[in-house]
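Content type TSV, C-alpha atoms, from the file start-v3.tsv:
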chain	number	residue	atom	x	y	z
A	1	MET	CA	325.34	156.16	173.09
A	2	SER	CA	321.70	156.88	173.35
A	3	ILE	CA	318.62	156.28	171.30
A	4	HIS	CA	318.79	160.01	170.54
A	5	VAL	CA	322.07	159.53	168.66
A	6	TYR	CA	320.47	156.65	166.71
A	7	HIS	CA	317.47	158.81	165.81
A	8	GLY	CA	319.80	161.65	164.82
A	9	LEU	CA	321.68	159.33	162.47
A	10	ILE	CA	318.43	158.24	160.82
A	11	HIS	CA	317.48	161.91	160.34
A	12	GLN	CA	320.89	162.56	158.77
A	13	LEU	CA	320.54	159.49	156.54
A	14	CYS	CA	317.14	160.63	155.30
A	15	GLU	CA	318.51	164.09	154.62
A	16	ALA	CA	321.54	162.68	152.77
A	17	VAL	CA	319.40	160.55	150.43
A	18	GLY	CA	316.46	162.93	150.09
A	19	LEU	CA	313.86	160.95	152.02
A	20	PRO	CA	311.33	163.47	153.33
A	21	ASP	CA	309.87	161.34	156.16
A	22	ALA	CA	312.60	160.70	158.73
A	23	GLU	CA	310.00	160.28	161.48
A	24	GLY	CA	308.32	157.55	159.42
A	25	ALA	CA	311.66	155.77	159.00
A	26	ILE	CA	312.21	156.00	162.75
A	27	ALA	CA	308.70	154.69	163.49
A	28	ARG	CA	309.16	151.74	161.09
A	29	ASN	CA	312.88	151.31	161.90
A	30	ALA	CA	313.28	150.69	158.18
A	31	VAL	CA	314.06	152.31	154.84
A	32	GLU	CA	313.90	150.99	151.30
A	33	VAL	CA	317.04	150.95	149.16
A	34	ASP	CA	316.81	149.87	145.52
A	35	GLY	CA	313.76	147.72	146.24
A	36	PHE	CA	315.18	146.12	149.38
A	37	GLU	CA	313.69	146.74	152.80
A	38	VAL	CA	316.50	147.52	155.23
A	39	ALA	CA	315.52	147.16	158.88
A	40	MET	CA	317.46	149.30	161.34
A	41	GLY	CA	317.86	148.73	165.04
A	42	HIS	CA	319.46	150.02	168.20
A	43	PHE	CA	319.62	147.71	171.20
A	44	ASP	CA	320.29	148.25	174.90
A	45	SER	CA	322.64	145.26	174.83
A	46	ASP	CA	324.94	147.13	172.39
A	47	PRO	CA	324.33	150.84	173.00
A	48	GLU	CA	327.41	151.97	171.03
A	49	ALA	CA	326.11	150.68	167.70
A	50	MET	CA	323.20	150.47	165.32
A	51	TYR	CA	322.35	147.47	163.15
A	52	LEU	CA	321.30	147.27	159.51
A	53	ASN	CA	319.46	144.13	158.42
A	54	PHE	CA	319.16	143.48	154.69
A	55	ASN	CA	316.78	140.86	153.33
A	56	PHE	CA	318.02	139.84	149.89
A	57	GLY	CA	315.20	137.36	149.29
A	58	VAL	CA	315.04	133.64	148.72
A	59	VAL	CA	317.71	131.96	146.62
A	60	SER	CA	316.37	130.70	143.31
A	61	SER	CA	316.17	126.96	142.80
A	62	GLY	CA	319.38	125.36	141.58
A	63	ARG	CA	321.61	128.16	142.91
A	64	SER	CA	321.66	127.16	146.59
A	65	LEU	CA	325.04	125.42	146.65
A	66	ARG	CA	326.77	128.25	144.76
A	67	VAL	CA	325.18	130.93	146.96
A	68	PHE	CA	326.07	129.08	150.17
A	69	ARG	CA	329.70	128.86	149.01
A	70	LEU	CA	329.76	132.56	148.14
A	71	MET	CA	328.20	133.42	151.52
A	72	LEU	CA	330.85	131.43	153.37
A	73	GLU	CA	333.65	133.04	151.36
A	74	ALA	CA	332.21	136.51	151.97
A	75	ASN	CA	331.91	135.90	155.71
A	76	LEU	CA	335.52	134.73	155.91
A	77	THR	CA	337.17	137.26	153.62
A	78	ILE	CA	335.03	140.40	153.34
A	79	TYR	CA	332.63	140.75	156.22
A	80	ALA	CA	334.99	139.55	158.95
A	81	GLN	CA	336.60	142.98	158.72
A	82	ASP	CA	333.33	144.91	158.43
A	83	GLN	CA	331.43	143.67	161.48
A	84	ALA	CA	328.88	142.03	159.20
A	85	GLN	CA	327.53	138.54	158.65
A	86	LEU	CA	325.63	136.82	155.87
A	87	GLY	CA	323.19	134.11	156.79
A	88	LEU	CA	319.85	132.47	156.10
A	89	ASP	CA	316.50	133.06	157.70
A	90	THR	CA	315.57	129.56	158.85
A	91	ASP	CA	311.84	130.22	158.45
A	92	SER	CA	311.82	131.73	154.96
A	93	GLY	CA	315.15	130.65	153.45
A	94	ALA	CA	315.94	134.28	152.61
A	95	VAL	CA	319.53	135.50	152.47
A	96	LEU	CA	320.19	138.07	155.20
A	97	LEU	CA	323.04	140.48	155.74
A	98	ILE	CA	323.39	141.94	159.23
A	99	VAL	CA	325.77	144.87	159.59
A	100	ARG	CA	326.91	146.39	162.89
A	101	VAL	CA	327.65	150.11	162.50
A	102	PRO	CA	329.45	151.76	165.41
A	103	MET	CA	327.87	155.09	166.34
A	104	CYS	CA	331.08	157.08	166.63
A	105	ASP	CA	332.84	160.10	165.16
A	106	GLY	CA	332.85	159.91	161.38
A	107	VAL	CA	329.56	158.04	161.15
A	108	ASP	CA	326.90	160.36	159.79
A	109	GLY	CA	324.07	160.29	157.26
A	110	SER	CA	326.42	160.25	154.27
A	111	TYR	CA	328.42	157.37	155.75
A	112	LEU	CA	325.20	155.40	156.33
A	113	ALA	CA	324.00	156.12	152.78
A	114	ASP	CA	327.31	154.87	151.38
A	115	THR	CA	327.11	151.77	153.59
A	116	LEU	CA	323.55	151.01	152.46
A	117	ASN	CA	324.48	151.37	148.80
A	118	HIS	CA	327.60	149.24	149.22
A	119	CYS	CA	325.61	146.45	150.89
A	120	VAL	CA	322.76	146.51	148.37
A	121	ARG	CA	325.28	145.96	145.58
A	122	ARG	CA	326.09	142.66	147.31
A	123	ALA	CA	322.61	141.38	146.44
A	124	ASP	CA	323.89	140.36	143.01
A	125	PHE	CA	325.43	137.16	144.36
A	126	ALA	CA	321.99	136.01	145.50
A	127	GLY	CA	320.62	136.08	142.00
A	128	ARG	CA	319.09	139.51	141.80
A	129	SER	CA	318.94	140.71	138.23
As structure tokens, please, write out the structure in this file.
Amino acid sequence: MSIHVYHGLIHQLCEAVGLPDAEGAIARNAVEVDGFEVAMGHFDSDPEAMYLNFNFGVVSSGRSLRVFRLMLEANLTIYAQDQAQLGLDTDSGAVLLIVRVPMCDGVDGSYLADTLNHCVRRADFAGRS
């Protein structure tokens, strides 16, 4: 798949959610969903897919052990099937979710919007109110 397919999917996503500036989203390779910045990427090393990178923020003090356990459980039971992985940014300590989305038939702007909303709902485990 080409970068043109990736750009087309971002245009469709922006149309599906009512964002007027698809070119801005493409230039930044990011959109904001419910207060979270979601970075998007397409890489030559995996031309058949796009990647969504969610930064859920730093875990509040005293919750680290519980959040680490929940992250491990999610990686083993939920995200193993979804081509996704929860982890920590070693520099900031922020909880990250990286999702691989195949660019294939059936993946369009509505699918991406649903995926973004589904993933943002997962921020609750990290202590988001």
Tell me which protein, DNA and RNA residues are within 12 Å of Glu15 (chain A), counting all atoms listed in the file, leaving out same-chain ones fewer than 3 positions away, and put them as a short mmCIF file (atom, residue, chain, number, x, y, z; two decimals) with C-alpha atoms, in the frame of the given file.
data_model
loop_
_atom_site.label_atom_id
_atom_site.label_comp_id
_atom_site.auth_asym_id
_atom_site.auth_seq_id
_atom_site.Cartn_x
_atom_site.Cartn_y
_atom_site.Cartn_z
CA GLY A 8 319.80 161.65 164.82
CA LEU A 9 321.68 159.33 162.47
CA ILE A 10 318.43 158.24 160.82
CA HIS A 11 317.48 161.91 160.34
CA GLN A 12 320.89 162.56 158.77
CA GLY A 18 316.46 162.93 150.09
CA LEU A 19 313.86 160.95 152.02
CA PRO A 20 311.33 163.47 153.33
CA ASP A 21 309.87 161.34 156.16
CA ALA A 22 312.60 160.70 158.73
CA GLU A 23 310.00 160.28 161.48
CA ALA A 25 311.66 155.77 159.00
CA ASP A 108 326.90 160.36 159.79
CA GLY A 109 324.07 160.29 157.26
CA SER A 110 326.42 160.25 154.27
CA LEU A 112 325.20 155.40 156.33
CA ALA A 113 324.00 156.12 152.78
#
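Distances to Val33 (chain A) were evaluated for A:Gln83, A:Asn53, A:Ser60, A:Ser92 using only C-alpha atoms, and the minimum falls at A:Asn53.
Proximity ranking of A:Asp114, A:Tyr6, A:Tyr51, A:Cys14 relative to Leu97 (chain A) places A:Tyr51 first, based on only C-alpha atoms.
Minimum distance to Phe68 (chain A) across A:His42, A:Met50, A:Ala94, A:Val31 (counting all atoms listed in the file) occurs at A:Ala94.
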So the first atom is CA of Ala27 (chain A) and the second is CA of Leu86 (chain A); what is the distance between them in Å, to one decimal place?
25.8 Å
Out of A:Val38, A:Ala74, A:Leu13, A:Ala49, which residue has the shortest atom-to-atom distance to Cys104 (chain A) when counting only C-alpha atoms?
A:Ala49
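Shortest atom-to-atom contact with Leu88 (chain A) among A:Leu65, A:Val59, A:Met103, A:Leu116: A:Val59, counting all atoms listed in the file.
A straight line drawn from CA of His4 (chain A) to CA of His118 (chain A) is 25.5 Å long.
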Selected residue, from A:Arg121, A:Arg69, A:Arg63, A:His7, that lies nearest to Gly41 (chain A) when counting all atoms listed in the file
A:His7
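Atom pair CA of Met40 (chain A) / CA of Arg122 (chain A): separated by 17.8 Å.
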Kindly add N, CA, C and O atoms to the incomplete region 48-62 of chain A and provide the output as a short mmCIF file (atom, residue, chain, number, x, y, z; two decimals), in the coordinates of the input.
data_model
loop_
_atom_site.label_atom_id
_atom_site.label_comp_id
_atom_site.auth_asym_id
_atom_site.auth_seq_id
_atom_site.Cartn_x
_atom_site.Cartn_y
_atom_site.Cartn_z
N GLU A 48 326.44 151.20 171.82
CA GLU A 48 327.41 151.97 171.03
C GLU A 48 327.24 151.78 169.53
O GLU A 48 328.05 152.31 168.75
N ALA A 49 326.24 151.00 169.11
CA ALA A 49 326.11 150.68 167.70
C ALA A 49 324.66 150.66 167.25
O ALA A 49 323.74 150.59 168.07
N MET A 50 324.50 150.73 165.93
CA MET A 50 323.20 150.47 165.32
C MET A 50 323.39 149.30 164.37
O MET A 50 324.52 148.97 163.99
N TYR A 51 322.30 148.65 164.02
CA TYR A 51 322.35 147.47 163.15
C TYR A 51 321.50 147.70 161.92
O TYR A 51 320.41 148.28 162.00
N LEU A 52 322.02 147.24 160.78
CA LEU A 52 321.30 147.27 159.51
C LEU A 52 321.06 145.83 159.09
O LEU A 52 322.00 145.02 159.07
N ASN A 53 319.82 145.50 158.80
CA ASN A 53 319.46 144.13 158.42
C ASN A 53 318.86 144.14 157.02
O ASN A 53 317.77 144.67 156.81
N PHE A 54 319.58 143.54 156.08
CA PHE A 54 319.16 143.48 154.69
C PHE A 54 318.55 142.12 154.41
O PHE A 54 319.14 141.11 154.74
N ASN A 55 317.39 142.11 153.76
CA ASN A 55 316.78 140.86 153.33
C ASN A 55 316.90 140.82 151.82
O ASN A 55 316.23 141.56 151.11
N PHE A 56 317.77 139.93 151.31
CA PHE A 56 318.02 139.84 149.89
C PHE A 56 317.08 138.86 149.18
O PHE A 56 317.22 138.64 147.98
N GLY A 57 316.16 138.26 149.91
CA GLY A 57 315.20 137.36 149.29
C GLY A 57 315.67 135.92 149.27
O GLY A 57 316.77 135.58 149.69
N VAL A 58 314.80 135.08 148.76
CA VAL A 58 315.04 133.64 148.72
C VAL A 58 315.89 133.31 147.51
O VAL A 58 315.72 133.87 146.43
N VAL A 59 316.82 132.40 147.69
CA VAL A 59 317.71 131.96 146.62
C VAL A 59 316.90 131.14 145.62
O VAL A 59 316.13 130.26 146.00
N SER A 60 317.10 131.43 144.35
CA SER A 60 316.37 130.70 143.31
C SER A 60 316.82 129.23 143.27
O SER A 60 317.96 128.90 143.58
N SER A 61 315.92 128.39 142.86
CA SER A 61 316.17 126.96 142.80
C SER A 61 317.37 126.67 141.91
O SER A 61 317.55 127.27 140.86
N GLY A 62 318.21 125.75 142.35
CA GLY A 62 319.38 125.36 141.58
C GLY A 62 320.61 126.20 141.86
O GLY A 62 321.69 125.88 141.38
#
